[in-house]
Every structure is written in C-alpha cells, then in structure tokens.
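Participant: I have a structure here, written as structure tokens, and I will follow up with some questions on it.
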Amino acid sequence: MSRTQAALSGDKATRANLMLAGYGVALIAAATLVVVGEPAGMWSAYGLACEALGVGCLVKAGWGPLSRAGAGPRRFSARAASSLRAAREAAPVATRVRTRASGLGSTQWRVICSEWTKFASLRSSRIGPAVATACVVGLAPMAAATAGAAPDGSGTAPLDPGVVLLVGIRLAPLAVGVLGVLVITAEYASGLIRSTLTVVPTRMPVLWAKLLVVVGVVAAIAVVCTPTAMLVGVAELRAQGWAVDPTDRELWTAGFQATLYMMLLGVIGLALGSLLRTTAAAISALVGIFFALPLLVQLLPQAGARWIGPYLPAEAGEAIWADPHGWHIGSRAAALIVSVAWAGALFAGASYRLLREDV
C-alpha cells in the first residue's frame with residue numbers, strides 16, 4: 001500500500017470513530033434524560049441500558065486513540081530517561097557554559113570599564129593632564145612674583161589669593177576641555193563608535209560612562225594641581241613678605257570652586273565632541289566659546305556687555321572661583337548655576353543627537 005492510500009484509509013477510520021463517538025455521546029445524553037424523568041420503572045432500566053451502550057460506543061470509538069494515549073506516556077518516560085542520562089553526562093559542560101554565559105551582557109559598570117580602557121589608550125590621556133598641570137602649577141609662582149614685595153614685610157596679599165594664584169585656570173579650556181572633546185571624537189574618527197554602539201544599542205549608557213570617566217579624570221587632575229599651585233604660590237608670596245596664611249579658608253574655598261569649574265569644562269568639552277562629532281569642529285567651537293566670544297561681547301556697548309557677558313560660559317565659569325564682584329549679579333552661586341545650565345544644555349543636545357541620528 002502506498003503512503004497516500006495509507007493516509008486516506010487513516011482519514012476514513014478517523015471519521016468513522018468520530019461519528020461513533022458522537023453517537024455514543026448523544027445516546028448517553030438521551031438515556032440520562034430518560035433516567036432523570038423516570039427514576040423508577042421500565043424506562044429507567046431502558047435508560048441505563050442505553051447509557052451502557054453509549055459508553056460502549058465511546059470505548060469502541062476511542063480504543064485506538066486510548067491505546068495511542070497509553071503509548072504516549074511510555075514514550076515520554078523513555079525520552080525523559082534518555083534526556084536525564086544525557087544531562088548527567090553533559091553536566092560539567094553545561095555548568096561551564098552557564099558560567100561563561102552569566103558573564104556576558106553589557107552593564108553600566110562594564111561600559112564604564114570599557115570607556116576607561118579606551119581613554120587610557122589615548123595619547124591625549126597623558127598629554128592633557130600634563131598640559132593642565134603645567135598651566136595651573138607653572139603660572140602660580142609667576143603670578144605671585146608679579147605681585148612684588150611687601151612694602152614693610154608685613155603687608156596683606158594684594159588681591160584675593162585664589163584670584164592671583166589660580167590664574168592658570170583661565171587656560172584650562174585648552175587642556176581640560178580639549179581632553180573631554182578627544183574622549184569621544186577619537187572614536188568617531190576611527191569608526192570604533194559603531195562597534196561600541198552595536199554592543200550597547202541603547203547608546204545612553206555609553207555617553208554616561210564617558211561622562212563619568214571625564215569627570216573623574218578632571219577631578220583627579222584638579223585635586224592634584226590646584227593645591228600644588230596654591231602652596232607654591234603662597235610660598236612665593238610669603239618669600240616676598242606678604243602675610244598669607246596657607247591654611248586660609250578662603251584660599252582653599254577658591255581651590256574647591258576652581259575644581260568644580262574644571263569638571264564643568266570637561267563636561268562641556270565632552271558635550272561639544274558628541275554634538276559635533278569631529279575633533280576640529282569641537283575644538284574650534286570650544287575655543288570660540290571661551291576665548292573669541294568674550295572678546296566679541298566686549299565690542300558691544302557697555303550696557304550690552306554688562307548684561308550679556310556674565311552669562312557666557314567663560315565669564316560665568318571665572319566668577320565661580322575668581323572675584324565675582326565685577327558681575328552684575330555678584331554671586332558665585334549664580335555663576336555656578338549659569339555654568340551648570342550651559343553644561344546641561346550642551347549635554348542634552350549631545351544626548352538628543354546620539355539617540356536620534358545614526359553614527
């Protein structure tokens with residue numbers, strides 16, 4: 001018998017069994033109504049006989065399916081035993097596979113570690129901190145030397161020591177800001193950003209990781225070079241006869257505020273790099289914002305320069321750690337808010353472009 005004929009005969013048997021099962025169900029239903037209607041007497045006996053006949057029809061119709069159903073558990077138990085033996089044999093391998101698989105996947109901590117590794121591999125990771133340290137520490141004794149000697153050896157500092165000794169912070173955009181730019185534009189230049197975003201398709205964890213790396217590195221640079229600059233500068237001032245206390249609270253407050261300003265510079269540099277995606281454009285924008293734009297504002301009438309200049313990133317940032325009294329608001333807290341607003345707005349624009357546009 002061919003395979004087609006066997007399939008046809010099987011279909012006929014299935015239909016016959018279904019008809020017999022339907023007849024059995026109908027017979028049992030009718031007999032049940034008879035028994036319920038006449039619980040005693042001849043009709044009750046007849047109903048019971050019809051129910052027995054219906055059950056027989058069901059058994060006859062379902063004999064093949066029942067036998068196959070009985071064989072199903074046997075086959076299932078045999079397959080389960082075989083699978084159990086295979087699982088016992090492969091248990092060490094499966095354990096190793098699960099152990100390796102449990103270490104896969106991208107988490108925020110792994111992304112941060114990856115970004116730190118990429119940052120450490122950059123040449124700018126060594127040049128940037130060296131330049132920032134040279135600017136901040138190297139200019140402190142020079143600025144102190146320009147103050148001159150005290151007239152009688154017991155004079156007070158000619159200006160706020162934080163303003164005099166931390167003058168090198170004004171050049172921080174050229175070191176710290178550029179460092180933040182290169183953290184991300186180097187990946188766009190090499191094409192590595194495509195691989196990074198393929199591994200982390202949600203994208204924002206990458207930008208957050210870069211932000212943490214930049215802020216951490218800049219904070220470490222500032223914590224090293226700012227106290228060094230102040231101590232060296234104070235030593236030079238005291239050598240010239242100025243009465244400057246190295247433990248002056250105002251001096252170290254200015255150092256802390258300068259650290260905040262440098263961290264914001266790193267964030268602004270990272271945001272410009274992510275927003276513009278090319279090193280040349282981002283560095284040009286950074287230099288224009290912090291050096292060219294204040295000069296252009298000075299060309300405005302005095303009233304315009306007074307009310308526009310303080311809200312520029314360079315002027316607001318300098319007012320954080322330097323003398324804010326020339327500012328029409330005259331508050332370091334307000335200057336910090338303006339600087340944070342600039343950094344937040346640029347970072348928000350960079351996040352929007354990263355999420356909405358292809359690399």
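Naming works like this for the structure tokens: A, B, ... for the chains as they're shown, residue 1 at the start of each chain, ligands 1 onward in shown order.
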Go through range 108-352 of chain A and collect every residue that DSSP, computed from the backbone, puts in alpha helix (DSSP H); the answer should be as a ChimeraX atom specification.
Facilitator: /A:108-121,124-146,161-165,172,178-190,192-199,204-239,249-276,279-287,293-298,302-308,313-321,332-352
Participant: If we count only C-alpha atoms, what is near Ala175 in chain A at a cut-off of 7 Å, once residues fewer than 4 positions away on the same chain are taken out, given as a compact mmCIF listing (two decimals) with N, CA and C atoms, in the first residue's frame?
Facilitator:
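Listing of part38.txt after writing:
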# COMPACT_ATOMS: atom_id res chain seq x y z
N GLY A 128 47.08 65.65 27.98
CA GLY A 128 46.12 66.59 28.55
C GLY A 128 46.37 66.89 30.02
N VAL A 131 49.57 69.01 30.39
CA VAL A 131 49.39 70.40 29.98
C VAL A 131 48.60 71.17 31.03
N ALA A 132 47.52 70.55 31.55
CA ALA A 132 46.72 71.23 32.57
C ALA A 132 47.54 71.51 33.83
N LEU A 179 40.55 67.76 26.32
CA LEU A 179 40.58 66.37 26.77
C LEU A 179 39.19 65.75 26.70
Participant: From the options A:Val164, A:Leu212, A:Ile112, A:Leu265, which residue's atoms come nearest to Glu236 in chain A, counting only C-alpha atoms?
Facilitator: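 The answer is A:Val164, which sits nearest to Glu236 in chain A.
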Participant: Quick check, in Å to one decimal: how far apart do CA of Gly168 in chain A and CA of Cys225 in chain A lie?
Facilitator: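 Atom-to-atom, CA of Gly168 in chain A to CA of Cys225 in chain A, that is 10.3 Å.
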Participant: In Å to one decimal, how far is CA of Leu270 in chain A from CA of Thr185 in chain A?
Facilitator: 8.7 Å
Participant: For Ala186 in chain A, please output as a count of residues only all residues within 9 Å (counting only C-alpha atoms; exclusion window: fewer than 6 positions along the same chain).
Facilitator: 6
Participant: Interatomic distance between CA of Ala348 in chain A and CA of Ser106 in chain A?
Facilitator: 23.3 Å
Participant: Find the spatial neighbours of Leu174 in chain A, counting only C-alpha atoms, within a cut-off of 12 Å - ignore same-chain residues fewer than 5 positions away - and output them as JSON, numbers by chain.
Facilitator: {"A": [127, 128, 129, 130, 131, 132, 133, 134, 135, 136, 168, 169, 179, 180, 181, 182, 262, 265, 266, 269, 282, 283, 284, 285, 286, 287, 288, 289, 290, 291]}
Participant: Output C-alpha atoms of each residue in that selection to a file, as an mmCIF file, in the first residue's frame.
Facilitator:
data_model
loop_
_atom_site.group_PDB
_atom_site.id
_atom_site.type_symbol
_atom_site.label_atom_id
_atom_site.label_comp_id
_atom_site.auth_asym_id
_atom_site.auth_seq_id
_atom_site.Cartn_x
_atom_site.Cartn_y
_atom_site.Cartn_z
ATOM 1 C CA ILE A 127 49.309 64.896 27.303
ATOM 2 C CA GLY A 128 46.121 66.589 28.555
ATOM 3 C CA PRO A 129 46.773 66.175 32.289
ATOM 4 C CA ALA A 130 50.406 67.224 31.813
ATOM 5 C CA VAL A 131 49.392 70.402 29.983
ATOM 6 C CA ALA A 132 46.718 71.226 32.572
ATOM 7 C CA THR A 133 49.175 70.729 35.425
ATOM 8 C CA ALA A 134 51.815 72.838 33.699
ATOM 9 C CA CYS A 135 49.351 75.671 33.131
ATOM 10 C CA VAL A 136 47.883 75.736 36.627
ATOM 11 C CA GLY A 168 46.336 79.322 35.161
ATOM 12 C CA ILE A 169 42.753 78.082 35.389
ATOM 13 C CA LEU A 179 40.580 66.370 26.769
ATOM 14 C CA GLY A 180 36.810 65.987 27.028
ATOM 15 C CA VAL A 181 36.469 66.546 23.286
ATOM 16 C CA LEU A 182 39.004 63.872 22.384
ATOM 17 C CA MET A 262 37.386 72.379 35.656
ATOM 18 C CA LEU A 265 34.863 72.315 31.440
ATOM 19 C CA GLY A 266 35.346 68.587 30.913
ATOM 20 C CA GLY A 269 34.155 69.542 26.043
ATOM 21 C CA ALA A 282 34.546 70.646 18.506
ATOM 22 C CA ILE A 283 37.872 72.239 19.474
ATOM 23 C CA SER A 284 37.121 75.261 17.293
ATOM 24 C CA ALA A 285 33.751 75.658 18.987
ATOM 25 C CA LEU A 286 35.378 75.296 22.397
ATOM 26 C CA VAL A 287 37.989 77.964 21.670
ATOM 27 C CA GLY A 288 35.372 80.239 20.139
ATOM 28 C CA ILE A 289 33.056 79.972 23.141
ATOM 29 C CA PHE A 290 35.715 80.518 25.810
ATOM 30 C CA PHE A 291 38.109 82.923 24.090
#
Participant: Might you pull out every residue within 7 Å of range 339-344 of chain A, with only C-alpha atoms counted and same-chain residues fewer than 4 positions away left off, and present them as a list in words?
Facilitator: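 The contact residues come out as Leu264, Val267, Ile268, Pro313, Ala316, Gly317, Ala335 and Ala348 of chain A.
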Participant: Those residues with C-alpha atoms, as an mmCIF file, in the first residue's frame please?
Facilitator:
data_model
loop_
_atom_site.group_PDB
_atom_site.id
_atom_site.type_symbol
_atom_site.label_atom_id
_atom_site.label_comp_id
_atom_site.auth_asym_id
_atom_site.auth_seq_id
_atom_site.Cartn_x
_atom_site.Cartn_y
_atom_site.Cartn_z
ATOM 1 C CA LEU A 264 32.293 71.560 34.139
ATOM 2 C CA VAL A 267 31.577 68.081 30.605
ATOM 3 C CA ILE A 268 31.279 70.940 28.092
ATOM 4 C CA PRO A 313 30.441 80.196 29.840
ATOM 5 C CA ALA A 316 30.324 82.677 34.454
ATOM 6 C CA GLY A 317 32.965 79.997 34.950
ATOM 7 C CA ALA A 335 27.664 81.865 38.397
ATOM 8 C CA ALA A 348 21.194 67.391 26.475
#
Participant: List the spatial neighbours of Trp109 in chain A as a list in words - criterion: any atom at most 12 Å away, only C-alpha atoms, same-chain residues fewer than 3 positions off excluded.
Facilitator: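 With the cut-off at 12 Å, the set is Gly105, Ser106, Ile112, Cys113, Ser114, Glu115, Trp116, Pro205, Val206, Trp208, Ala209, Lys210, Leu212 and Val213 of chain A.
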Participant: Those selected residues, please, written with N, CA and C atoms and delivered as a compact mmCIF listing (two decimals), in the first residue's frame.
Facilitator:
# COMPACT_ATOMS: atom_id res chain seq x y z
N GLY A 105 26.96 40.07 28.44
CA GLY A 105 26.00 41.16 28.53
C GLY A 105 26.65 42.46 28.92
N SER A 106 26.04 43.54 28.51
CA SER A 106 26.58 44.88 28.78
C SER A 106 25.83 45.50 29.95
N ILE A 112 31.50 51.37 31.72
CA ILE A 112 32.44 52.33 32.33
C ILE A 112 33.86 51.79 32.26
N CYS A 113 34.04 50.51 32.57
CA CYS A 113 35.39 49.92 32.49
C CYS A 113 35.92 49.96 31.06
N SER A 114 35.04 49.70 30.10
CA SER A 114 35.47 49.76 28.70
C SER A 114 35.87 51.17 28.30
N GLU A 115 35.10 52.16 28.73
CA GLU A 115 35.44 53.54 28.39
C GLU A 115 36.74 53.97 29.06
N TRP A 116 36.98 53.49 30.27
CA TRP A 116 38.25 53.82 30.92
C TRP A 116 39.42 53.20 30.16
N PRO A 205 23.95 54.63 27.91
CA PRO A 205 24.98 54.17 28.86
C PRO A 205 26.40 54.48 28.42
N VAL A 206 26.63 54.52 27.10
CA VAL A 206 27.97 54.87 26.60
C VAL A 206 28.29 56.32 26.95
N TRP A 208 26.90 58.19 29.29
CA TRP A 208 27.03 58.34 30.74
C TRP A 208 28.38 57.83 31.22
N ALA A 209 28.84 56.72 30.63
CA ALA A 209 30.14 56.19 31.03
C ALA A 209 31.26 57.16 30.67
N LYS A 210 31.20 57.73 29.48
CA LYS A 210 32.20 58.72 29.09
C LYS A 210 32.16 59.93 30.01
N LEU A 212 31.26 59.98 33.20
CA LEU A 212 31.87 59.62 34.48
C LEU A 212 33.39 59.56 34.37
N VAL A 213 33.88 59.01 33.25
CA VAL A 213 35.33 58.94 33.07
C VAL A 213 35.94 60.34 32.99
Participant: Excluding Ala350 in chain A and its own-chain neighbours fewer than 2 positions away, which residues fall within 7 Å of it when counting only C-alpha atoms? Please give them as a ChimeraX atom specification.
Facilitator: /A:271,274-275,346-348,352-354
